[in-house]
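Chemist: Submitted below is the structure of interest, expressed as structure tokens.
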Amino acid sequence: MLVRGKINKIIDLSVVDGPGNRTSIFLQGCNFNCFYCHNPETIKHCINCMECIQSCPTKSLTNENGGIKWNDKTCINCDECIRACNHLSSPKVYNWTVDETIDRIKKNIPFIRGITVSGGECTLQHHFLVPLFREVKKLGLTCFVDTNGSLAFKKLIDLVEVTDSFMLDIKAFDNDDHIFITKKKVDTVLENADYLASINKLFEIRTVTIAGMDNEKTVDKITSMLSKYIKQGYKIRYKIIKYRKFGVREEYSMFSSPTDEEMENLKQIALRNGFEDVVIV
Amino acid sequence: MLSEIKTLEEAKKLSLDIIKNSALTYEQKTSQLAKLAENLNNFPVDGVSDRLFEISEEGGICDLWEGHAPYAPRYICPNYQKLLDEGCKFLRLEKSETLLDAINNLLIFYHHVPSVTRYPVYIGKIDKLLDPFITDRDEAKKLIKWFLVSLDRTVNDSFCHANIGPEKTVAGEIILELLPELNNVTPNMTILYDEDKTPDDFGEKCVYASLLTANPAFANDKFYRKDFNGDYAIASCYNGLPISGGAFTLGRLRLGSLARSSKSKKDFFERVLPEAIDLMCNFMESKIKFIVEETQFFETNFLVKEGFIELDRFVGLFGMVGLHECVEKLLELESEHYEYGKDDFANNLGIEVMDFIEKRVNNFESKYSTFWNNRFMLHSQVGAQDDCGDSAGVRIKIGKEVSMYDHIRHSGLFHKYFPSGIGDHFPFDETAEKNPSAVLDIFKAAFNLNMRYISCYGDSGDLIRVTGYLVKKSDMQKFIDGENVSYDTVQYAREAFEKYHLLERKVREV
């Protein structure tokens, strides 16, 4: 059987997902459940409960033999179905083969330098990513992975080999903080950060900062841990992201953003630890 | 509309309207009064039938208010390098030895370069002109800043165009650093961009500056050099022209209006379009003959006498607008339901119209326009304030834009027809400022797909590229509120803003 990928969304022109202009592909399904997730509809896979069918104003969702069918030709992307979903999922998911995905990517040549695969957590579908990336490479494009670092990459050699570079979320350094945010332990994430940096495949690390959390500690520890690779001449960008309420689930709306002063202070910490490319977003 | 003044009473009324207009500055009034005096003459229309005036009244032909008795070419692109190398006798300027000499000589000289706007529409490759004189970078930055401020405050019109590139220079970098700081309307600026000659870091600085200030735009240097067999100038909005030359005149067909006056597609191609093309060619030729043979400009003006410009390097520009509406109307006449920009069928009809125009215009032999083999050059004109139902050039109508990649592919089909200028402008979301290399990737691709000229601007900035020239949104508001604004271009832009919904251009969210 042909391997297929579950794709939540494709952004043909993206200037924020790695070097140059890229096509970003968001895969469905995540093994974290961060409270500040801005696209919680990518977390779980659809269970065909059919709850969303009624919400669709254009009748683009139908029940076909117990499975939900989405007509992307008539869909107006109003996202009413996503609002109706009680299961952190979306009925608007493509289930594409590598060839189908490649056909879509090809339409964006020569405008793009490469693709970036994100999610959800895209590496959960590494069986799809490896053959996809091999084909993408044949088109002369680069392949970037945007990941939460929850799977041990040392064991996913094929994926690491075919990926040009990684963008890794490090949501916290302290294990308790990490569990608080993601409900999962941090150890594998940190091992991955070190491993990817050591083979010069860590393009960017990112941390979302929230008012009231020990952001200083997180930034300080992460940058100290990776500074030896910067000293070796490897380039790692640190994107420190200010938490924003917009798009976050209602039940978590009590959190707020750090001040601009705090953000600037975090940047200075990273710079002091040897990082050269630090961006506040 | 080609209107003539019939009575002395009418002339008096027109002059008083100008004199009493509170929104015009003193200089704007002076120039409009001079135009009025010029227009007391009848058009030089030897051998052109009255159908010209009828079609113009119906909206099919427009002369862009060039005046009834043009006494200088429309666009002049002097050889500024010669000025710096040799000086100028008429203006008693010595050759330049220092950066200050060069800046002073240029600013004085610009003041004496005529054009249809009364300001120079081309001020040279300012980076290449100034770079050889730079010895101290900090000092140079101060002087170049002064140069740019002086230009903006004295040349009150953003059709004034400077070129930079394709190579990276210190002067070029200083100019790019100053653009966001100054946020000026003048000069309009273009980088002559060649992927093989322009380093990426310089290209990215250009993108960054344009996201903040809508300047510079990008010209496909390889494409232009091939057409012009070497050097060229980008002047006015985005007109490709010979250096040491320029354009005598620019007339425009309004293709949408012409299509609307046709009974059928057949009628359009067999009667309406050929008649309009022939009339406009002859009208342009009459005006060129008037400038060359009646006004003595090419015998007496110091630019000619000292060799800064040459008659043989001037061309006639045959412009057009409204291809979108033209195709729309022809499809309606044929009861076809396709959309220009989106459907191949409609785009192919656009190509059919362009092939027809290109062939017919090339059949007309001008006595002048020698640089272009005695033919007129095609120009995809950016639109003017009294256009109604005719979008700029061959552009997709605002509000009907397709995705950016498809938009660029569409443009690539049409840019080849217009050696003397065509372009598309894309507003970007502010996130692009953090990654200019992404926009540069898109521009490189556009040039590989045969686009000739492309520009971007940040949708949240004050400066916006109206149709080809720059205007500040804040100046526009002042003008609408009845305040004086020194830039002439604000007057032209008002209707474009209101009629073409410029602020509603599709922002490329990224």
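Please note that chains go A, B, ... in the order of the structure tokens, that every chain numbers its residues from 1, and that ligands are numbered from 1 in the order shown.
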Residues of chain A within 9 Å of chain B, counting only C-alpha atoms, what are they? List them as a list of chain:residue names.
Modeler: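 Listed by rising number, the hits are A:Ile11, A:Asp12, A:Leu13, A:Ser14, A:Val15, A:Val16, A:Gly18, A:Pro19, A:Gly20, A:Asn21, A:Arg22, A:Lys107, A:Asn108, A:Ile109, A:Pro110, A:Phe111, A:Ile112, A:Arg113.
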Chemist: Can you tell me which residues surround Leu226 (chain A) at a distance of at most 10 Å, considering only C-alpha atoms, apart from same-chain residues fewer than 3 positions away, and format the answer as a list in words?
Modeler: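 Non-adjacent residues within range: Leu190, Ala193, Asp194, Ala197, Ser198, Lys221, Ile222, Thr223, Tyr229, Ile230, Lys231, Ile236, Asn273, Gly274 and Phe275 of chain A.
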Chemist: Now that the selection is made, can you save its residues with C-alpha atoms as a JSON list (two decimals), in the first residue's frame?
Modeler:
[["chain", "number", "residue", "atom", "x", "y", "z"],
["A", 190, "LEU", "CA", 16.99, 18.55, 24.94],
["A", 193, "ALA", "CA", 18.70, 19.93, 20.51],
["A", 194, "ASP", "CA", 22.20, 18.82, 21.40],
["A", 197, "ALA", "CA", 23.34, 21.12, 16.89],
["A", 198, "SER", "CA", 26.31, 18.72, 16.99],
["A", 221, "LYS", "CA", 19.94, 27.30, 30.18],
["A", 222, "ILE", "CA", 19.14, 26.59, 26.54],
["A", 223, "THR", "CA", 21.63, 29.06, 25.17],
["A", 229, "TYR", "CA", 28.29, 24.76, 18.93],
["A", 230, "ILE", "CA", 28.00, 28.47, 18.18],
["A", 231, "LYS", "CA", 31.65, 28.78, 19.20],
["A", 236, "ILE", "CA", 21.73, 28.64, 15.19],
["A", 273, "ASN", "CA", 25.73, 33.34, 26.01],
["A", 274, "GLY", "CA", 27.21, 33.66, 22.55],
["A", 275, "PHE", "CA", 24.15, 33.48, 20.30]]
Chemist: Which residue out of B:Arg360, B:Arg118, B:Lys473, B:Lys266 has the minimum interatomic distance to Gln28 (chain B) when only C-alpha atoms are used?
Modeler: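 Using only C-alpha atoms, the shortest distance to Gln28 (chain B) belongs to B:Arg118.
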Chemist: For Met263 (chain A), work out the shell of residues within 8 Å, counting only C-alpha atoms and skipping chain neighbours fewer than 5 positions away, then give it as a PyMOL selection string.
Modeler: chain A and resi 240+242+258+280
Chemist: Looking only at the backbone, which of the residues in region 94-202 of chain B does DSSP tag as strand (DSSP E or B), as a PyMOL selection string?
Modeler: chain B and resi 122-125+161-164+188-193
Chemist: Residues within 8 Å of Lys128 (chain B), please, as a CSV table (one decimal) with N, CA, C and O atoms, in the first residue's frame. Count only C-alpha atoms; anything in the same chain fewer than 3 positions from it doesn't count.
Modeler:
chain,number,residue,atom,x,y,z
B,125,LYS,N,22.1,57.2,-13.0
B,125,LYS,CA,22.5,56.1,-12.1
B,125,LYS,C,23.2,56.7,-10.9
B,125,LYS,O,24.5,56.8,-10.9
B,131,ASP,N,29.7,57.2,-6.6
B,131,ASP,CA,30.6,56.2,-5.9
B,131,ASP,C,32.1,56.5,-6.1
B,131,ASP,O,32.9,56.5,-5.2
B,132,PRO,N,32.6,56.9,-7.4
B,132,PRO,CA,34.0,57.1,-7.6
B,132,PRO,C,34.6,58.2,-6.7
B,132,PRO,O,35.8,58.3,-6.5
B,164,ILE,N,19.8,52.6,-9.7
B,164,ILE,CA,21.0,52.1,-9.0
B,164,ILE,C,21.3,50.7,-9.5
B,164,ILE,O,20.4,50.1,-10.1
B,165,GLY,N,22.4,50.2,-9.1
B,165,GLY,CA,22.8,48.8,-9.5
B,165,GLY,C,23.3,48.7,-10.9
B,165,GLY,O,23.5,49.7,-11.6
B,169,THR,N,27.6,49.0,-4.6
B,169,THR,CA,28.6,50.0,-4.4
B,169,THR,C,28.4,50.6,-3.0
B,169,THR,O,27.4,50.4,-2.5
B,171,ALA,N,28.2,53.8,-2.5
B,171,ALA,CA,27.2,54.8,-2.6
B,171,ALA,C,25.8,54.2,-2.6
B,171,ALA,O,24.8,54.7,-2.0
B,172,GLY,N,25.7,53.0,-3.3
B,172,GLY,CA,24.4,52.3,-3.4
B,172,GLY,C,23.9,51.9,-2.0
B,172,GLY,O,22.7,52.1,-1.6
Chemist: Show which residues sit within 10 Å of Met50 (chain A), as a ChimeraX atom specification. Count only C-alpha atoms, and ignore same-chain residues fewer than 4 positions away.
Modeler: /A:46,54,61-63,66-69,81,85,91
Chemist: List every residue of region 65-291 of chain B that DSSP, applied to the backbone, labels as alpha helix (DSSP H), and write the result as a ChimeraX atom specification.
Modeler: /B:80-86,99-110,126-130,137-154,170-182,200-213,221-228,255-260,265-267,273-289
Chemist: Suppose we keep C-alpha atoms; can you now write the selection as a tab-separated table (two decimals), in the first residue's frame?
Modeler:
chain	number	residue	atom	x	y	z
B	80	TYR	CA	25.03	62.69	-16.63
B	81	GLN	CA	28.36	60.90	-16.73
B	82	LYS	CA	29.43	63.38	-19.39
B	83	LEU	CA	28.46	66.24	-17.05
B	84	LEU	CA	30.67	64.89	-14.27
B	85	ASP	CA	33.53	64.06	-16.64
B	86	GLU	CA	33.52	67.25	-18.67
B	99	LEU	CA	31.81	64.29	-4.12
B	100	LEU	CA	30.64	67.80	-3.31
B	101	ASP	CA	31.43	68.95	-6.87
B	102	ALA	CA	29.48	66.03	-8.27
B	103	ILE	CA	26.43	66.61	-6.08
B	104	ASN	CA	26.45	70.34	-6.72
B	105	ASN	CA	26.83	69.90	-10.47
B	106	LEU	CA	24.03	67.36	-10.62
B	107	LEU	CA	21.59	69.42	-8.55
B	108	ILE	CA	22.22	72.50	-10.69
B	109	PHE	CA	21.95	70.53	-13.91
B	110	TYR	CA	18.70	68.78	-12.90
B	126	ILE	CA	23.09	58.03	-8.90
B	127	ASP	CA	25.14	55.33	-7.17
B	128	LYS	CA	27.54	54.90	-10.08
B	129	LEU	CA	27.79	58.65	-10.59
B	130	LEU	CA	28.72	59.37	-6.96
B	137	ARG	CA	32.11	56.78	4.12
B	138	ASP	CA	30.71	58.85	7.00
B	139	GLU	CA	31.30	62.12	5.21
B	140	ALA	CA	29.78	60.63	2.05
B	141	LYS	CA	26.68	59.58	3.95
B	142	LYS	CA	26.15	63.12	5.20
B	143	LEU	CA	26.53	64.60	1.73
B	144	ILE	CA	24.33	62.00	0.03
B	145	LYS	CA	21.65	62.55	2.66
B	146	TRP	CA	21.77	66.26	1.89
B	147	PHE	CA	21.61	65.44	-1.83
B	148	LEU	CA	18.49	63.27	-1.38
B	149	VAL	CA	16.73	65.77	0.88
B	150	SER	CA	17.49	68.56	-1.57
B	151	LEU	CA	16.08	66.50	-4.44
B	152	ASP	CA	12.89	65.70	-2.57
B	153	ARG	CA	12.22	69.29	-1.57
B	154	THR	CA	13.01	70.88	-4.94
B	170	VAL	CA	29.29	51.97	-1.28
B	171	ALA	CA	27.15	54.80	-2.64
B	172	GLY	CA	24.37	52.33	-3.38
B	173	GLU	CA	24.50	50.96	0.15
B	174	ILE	CA	24.43	54.45	1.64
B	175	ILE	CA	21.40	55.33	-0.46
B	176	LEU	CA	19.57	52.18	0.68
B	177	GLU	CA	20.40	52.94	4.31
B	178	LEU	CA	19.03	56.47	3.92
B	179	LEU	CA	15.76	55.55	2.21
B	180	PRO	CA	13.87	54.34	5.32
B	181	GLU	CA	15.32	57.15	7.41
B	182	LEU	CA	14.19	59.85	4.96
B	200	ASP	CA	22.17	38.73	-2.62
B	201	ASP	CA	22.94	40.92	0.38
B	202	PHE	CA	22.55	44.04	-1.77
B	203	GLY	CA	19.38	42.68	-3.38
B	204	GLU	CA	17.97	41.92	0.07
B	205	LYS	CA	18.75	45.44	1.26
B	206	CYS	CA	16.79	46.75	-1.73
B	207	VAL	CA	13.82	44.54	-0.81
B	208	TYR	CA	14.02	45.63	2.81
B	209	ALA	CA	14.05	49.30	1.83
B	210	SER	CA	11.11	48.82	-0.50
B	211	LEU	CA	9.02	47.04	2.13
B	212	LEU	CA	9.50	50.13	4.31
B	213	THR	CA	9.41	52.92	1.71
B	221	ASP	CA	18.54	44.17	-16.22
B	222	LYS	CA	19.29	41.25	-18.56
B	223	PHE	CA	15.96	41.66	-20.31
B	224	TYR	CA	16.36	45.43	-20.76
B	225	ARG	CA	19.99	45.24	-21.86
B	226	LYS	CA	19.02	42.77	-24.54
B	227	ASP	CA	16.23	45.02	-25.84
B	228	PHE	CA	18.35	48.17	-25.75
B	255	LEU	CA	-8.51	49.41	-25.00
B	256	GLY	CA	-11.51	48.91	-22.73
B	257	SER	CA	-13.22	51.97	-24.15
B	258	LEU	CA	-12.39	50.89	-27.70
B	259	ALA	CA	-13.86	47.43	-27.07
B	260	ARG	CA	-17.00	48.99	-25.63
B	265	LYS	CA	-15.09	40.95	-31.70
B	266	LYS	CA	-14.74	41.01	-35.49
B	267	ASP	CA	-15.68	44.71	-35.56
B	273	LEU	CA	-8.65	48.83	-33.23
B	274	PRO	CA	-6.80	49.38	-36.54
B	275	GLU	CA	-8.46	52.77	-37.01
B	276	ALA	CA	-7.47	53.90	-33.50
B	277	ILE	CA	-3.90	52.63	-33.88
B	278	ASP	CA	-3.41	54.40	-37.20
B	279	LEU	CA	-4.90	57.66	-35.95
B	280	MET	CA	-2.75	57.63	-32.84
B	281	CYS	CA	0.44	56.85	-34.79
B	282	ASN	CA	-0.25	59.76	-37.12
B	283	PHE	CA	-1.15	62.07	-34.24
B	284	MET	CA	2.10	61.18	-32.46
B	285	GLU	CA	4.06	61.69	-35.67
B	286	SER	CA	2.53	65.16	-36.10
B	287	LYS	CA	3.56	66.12	-32.58
B	288	ILE	CA	7.08	64.78	-33.06
B	289	LYS	CA	7.45	66.74	-36.28
Chemist: Just the number, please: distance in Å from CA of Lys472 (chain B) to CA of Pro73 (chain B), one decimal.
Modeler: 28.4 Å
Chemist: CA of Lys92 (chain A) to CA of Lys59 (chain A): how many Å, to one decimal?
Modeler: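 Going from CA of Lys92 (chain A) over to CA of Lys59 (chain A) covers 12.9 Å.
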Chemist: Could you name the residues that touch Gly67 (chain B) at 7 Å or less, counting only C-alpha atoms, but leaving out those on the same chain fewer than 5 positions away, as a PDB file with all heavy atoms, in the first residue's frame?
Modeler:
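Wrote selection-v8.pdb, looks like this:
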ATOM      1  N   LYS B  35       0.621  75.981 -19.310  1.00  0.00           N
ATOM      2  CA  LYS B  35      -0.015  74.946 -20.135  1.00  0.00           C
ATOM      3  C   LYS B  35      -1.255  75.515 -20.826  1.00  0.00           C
ATOM      4  O   LYS B  35      -1.513  75.265 -21.996  1.00  0.00           O
ATOM      5  CB  LYS B  35      -0.380  73.746 -19.246  1.00  0.00           C
ATOM      6  CG  LYS B  35      -0.981  72.555 -19.934  1.00  0.00           C
ATOM      7  CD  LYS B  35      -0.076  71.946 -20.979  1.00  0.00           C
ATOM      8  CE  LYS B  35       1.050  71.129 -20.370  1.00  0.00           C
ATOM      9  NZ  LYS B  35       1.983  70.630 -21.410  1.00  0.00           N
ATOM     10  N   GLU B  38      -0.182  77.581 -23.748  1.00  0.00           N
ATOM     11  CA  GLU B  38       0.234  76.694 -24.845  1.00  0.00           C
ATOM     12  C   GLU B  38      -0.988  76.144 -25.570  1.00  0.00           C
ATOM     13  O   GLU B  38      -1.024  76.057 -26.792  1.00  0.00           O
ATOM     14  CB  GLU B  38       1.081  75.537 -24.265  1.00  0.00           C
ATOM     15  CG  GLU B  38       1.539  74.546 -25.313  1.00  0.00           C
ATOM     16  CD  GLU B  38       2.064  73.237 -24.709  1.00  0.00           C
ATOM     17  OE1 GLU B  38       2.407  73.228 -23.515  1.00  0.00           O
ATOM     18  OE2 GLU B  38       2.106  72.246 -25.445  1.00  0.00           O
ATOM     19  N   ASN B  39      -2.002  75.829 -24.784  1.00  0.00           N
ATOM     20  CA  ASN B  39      -3.174  75.163 -25.350  1.00  0.00           C
ATOM     21  C   ASN B  39      -4.137  76.112 -26.067  1.00  0.00           C
ATOM     22  O   ASN B  39      -5.174  75.692 -26.554  1.00  0.00           O
ATOM     23  CB  ASN B  39      -3.909  74.386 -24.256  1.00  0.00           C
ATOM     24  CG  ASN B  39      -3.134  73.145 -23.844  1.00  0.00           C
ATOM     25  OD1 ASN B  39      -2.115  72.834 -24.457  1.00  0.00           O
ATOM     26  ND2 ASN B  39      -3.585  72.451 -22.822  1.00  0.00           N
TER      27      ASN B  39
END
Chemist: What's the 7 Å shell around Tyr122 (chain B), counting only C-alpha atoms, without same-chain residues fewer than 5 positions away, as number ranges by chain?
Modeler: B: 76-77, 160-162, 235-236
Chemist: Let me make sure I understand: among A:Asn8, A:Ser55, A:Thr218, A:Asn265, which one has the smallest atom-to-atom distance to Val93 (chain A) if we use only C-alpha atoms?
Modeler: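 Closest to Val93 (chain A), using only C-alpha atoms: A:Asn8.
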Chemist: I need the residue nearest Lys13 (chain B) from this list: B:Lys168, B:Leu91, B:Tyr71, B:Leu36. Use only C-alpha atoms for the distance.
Modeler: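 Result for the nearest residue to Lys13 (chain B): B:Leu36.
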Chemist: At what distance in Å, to one decimal, does CA of Asp390 (chain B) lie from CA of Asn21 (chain B)?
Modeler: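 Separation between CA of Asn21 (chain B) and CA of Asp390 (chain B): 28.6 Å.
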